[in-house]
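Please read the structure below before turning to the comments.
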Amino acid sequence: MKPSPLDRKLARDLWRMRWQVLAIALLITCGVSVAVMAFSAQQALARAQADFYQETRFADVFALAKRAPISRVRDLTAIEGVTATDARIVESGLMDVPGLARPAIARLISLPDDPARCLNCLRLVRGRLPAPGQTGEAVALNSFLEAARVRLGDRLTATLNGRATTFTIVGAALSPEFVYVPSPDSFMPDDAHQAILWAPRPAVERAAGMSGAFNAVSLSLAPGASTPAVLRDVDGLLAAYGGRTAYARKDQPSHAFLTAELKELSTSASILPPVFLLVAAAMVHLVVTRLVEAEREQIGLLKAFGYRDREAAQNYWRLAAAVGLLGALGGGVIGAALGAAIVDLYRQYFRFPVLQVDFDWMAFAAAAAVSVAATVAGSLTAVRRAVALAPAVAMQPPRPAAFHSGGLDRLLRGPAVDQATRMIVRNLERFPGRALLTLCGLAAGLTLLVGTQFLFDAIDLVVERSYFRIQRWSDSVSFVEPRAVAAVAGVGRAPGVFAAEPVRVAGARLKVGARQETTRIVGLDPTAALHRPLDAADRPVPLVGQGLVLSEALAARLGLRPGDQVWTEIIDGRAPSALLPVTGLARDYSGFSAYMDRRALNRLMGEGDLASGAELLIAPDARSAFYRAIEATPQIIGASSRDDTVANWRQVMAESFQVTIAFYLAFAGAIAFGVAYNMCRISLLERARDLATLRVLGFGRVACAYILLGELAVLVLAAIPFGVLGGAALSHGLVAAYSRDDVRMPATITASSYGVAVGAYLIAVALAGGLVARRIWTFDLVAVLKTRE
């Protein structure tokens, strides 16, 4: 089919304005690619999660007890809404792993007697399950084997319940409970020191000394069953056996972290794309408006030759739609590549048997439709202007503008200001709408640059405050059961220990009216120096009597202030309850935490002077000897190192945020470049004849370039304070959007980050201005000054 004259005109316009079209399409590409990337990655994670959970029969409710008789499983199964029950034994201890300086925390879990009726079933990826009757064989979590470089056939020895137990690793498995395995003192993974093992029930019974009993149970619920009612019934049945509060799947650590990640992907897809599309729509408005003004005579001729108003105007909205479609296609391609990169990064942390990214066609179609609609909407004002032109009026030269001296122009009179500078000021005053749109676009680019830089500063502040100001210990150990505080003195006599302080940790549920939060209360000595809550000014918050010191995040969630009272239900030990006062607030970025005088916490629990662990200061050169000593101590089941945790924090954050920040920097730079380039191109097209005339009158190329770029320079500098303020506001918005219960990022931006953001912004606009200004050196004065007939 032969293209119509209007189709040929559209093709010529697109080619003639190709660089402007590409600059605007680049903005749309950024917005669409973020949406496609986020939704594709989210779809991949959600599908892998759903398939893996269904295959392995992931439970809906979980509960722990000290020791419950196996006969109680029938009562648990009889609870209304429960369809299946899987009772297990879980025993923890320390394990010496060749090649690791610090012992790993071993968790030994009993395998079900009947694999066909199991919950949280294993997915074997290498090797085999333990042979029937072989109590010396075990299957290990695949991520532990890979991180610790343990091979199938290796023998590992763990100290469990005071006895050394040795297993031969015969298989590597995945588990829905351990898709993501956070370390005890951080939400970051530490796969090498998290040894999850599964062995036949007789072997675990012997290691735990728990024949005919269980201490962990998982339950599957029927569709529509009341989860809160099941939780209450489970708590009631297990209370007599030292049962801790049952919890639903949403509170299971691995599942909760994965859910938070899925939420963050949705947040990314909803925050960033609209920014790019709004800026692109504004740029389309400026370009098409200028095109309509330049083609007044052509519009008049088209109408004079019989083209209807709609046909004469369709060229311009079709041009806008083509820009939106081009950007959407580019965004689909780049979004698919970015989605694959993000999913590849997720494979390092989320252990699914299959995690493959598929292009999200629905997200792409929706983003493409919104992009085209945004660009067409940006052209509507100019299109209406084209429709309103009568042929006789359009074919006449436009009425000369009536210029007059503006306020700025009158201020800049005098010999101190040259003529070129006055030209720049006059042009800004004559086109305030265009200047405002350009200013907003430039400020939006800088806002993204500044707002995303806070992530690096926030990580540094969280690490510095959490692990060097609040928690000043170098290592910590936890006991299998709370022990007399004298046990801490025994740990303090281990090799290399300079100081040792007791700590008592108890799970608790805090209630205020209809609000409630499950958290942990950290009991510290009031004179503790290795661990102390700090307020917003970095001052220690005193632990007074039976008062609670709450983290600011927890207090905000419950609506509490110092002086208020909160109903506190301890979910450990004898599970006492009391109405406790809030005596202070701590700025704690580790999430929802509460602090209390250790002795007061023990009195509340009706126990003696006990500690559940110790926080230590150890000489760096004596760590190996210290670790060997605690491996031989049956009472110790966990060991953490601050230095290892901080190093792991930085490594994980550097790997994950490096990709994210690179995206944001590129996208924000694209906004600044696209806005600056289009502004300069429009200015050049409008003023080409004027600049050529100045050349003839004796102005040099540098002076003409100064006149062209001076307007951009003024707007670029004027946009900096707005972009900086917008970036600070965006950082607070991102904190609110991305904060989790386990970690809360502070909205902090350092001077160096401001410098990096402003520097990248200036480089982007300088590149755009330079690409346009170089055309002044290639002016064909005769062609530019020739009058169109």
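Just remember, in the structure tokens the first chain shown is A, the second B, etc., residues are 1-based per chain, and ligands are 1-based in the order shown.
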Enumerate, as number ranges by chain, the complete set of residues in segment 325-522 of chain A that a backbone-based DSSP assignment places in strand (DSSP E). A: 475-484, 497-512, 515-522
Option closest in space to Thr381 of chain A, from A:Gln546, A:Tyr316, A:Asn602, A:Arg47 [counting only C-alpha atoms]: A:Tyr316
Contacts of Ser143 of chain A at 9 Å or less, counting only C-alpha atoms, minus same-chain residues fewer than 3 places along, as number ranges by chain? A: 140, 146-148, 172-174, 191-192, 194-195, 349, 351
For the residues in the current selection, export C-alpha atoms as a CSV table (one decimal), in the first residue's frame.
```csv
chain,number,residue,atom,x,y,z
A,140,ALA,CA,22.4,-30.6,54.5
A,146,GLU,CA,28.2,-24.4,48.8
A,147,ALA,CA,29.2,-21.5,51.1
A,148,ALA,CA,31.2,-23.7,53.5
A,172,ALA,CA,22.1,-31.6,49.4
A,173,ALA,CA,18.6,-30.3,49.7
A,174,LEU,CA,16.4,-27.2,49.4
A,191,ASP,CA,25.2,-19.3,54.7
A,192,ALA,CA,28.6,-20.6,55.6
A,194,GLN,CA,24.1,-21.6,59.2
A,195,ALA,CA,24.3,-25.4,59.0
A,349,TYR,CA,20.1,-15.2,48.1
A,351,ARG,CA,17.2,-20.8,47.1
```
Shell around Lys66 of chain A at 10 Å using only C-alpha atoms, local window under 3 positions removed, as a PyMOL selection string: chain A and resi 89+210+213-216+238-244+573
Leaving out segment 615-627 of chain A and any residue of its chain fewer than 2 positions from it, which residues lie within 9 Å of it when counting only C-alpha atoms, given as an MDAnalysis selection string? chainID A and resid 101:103 471:478 488 491:492 494:503 530:531 613 629:632 639
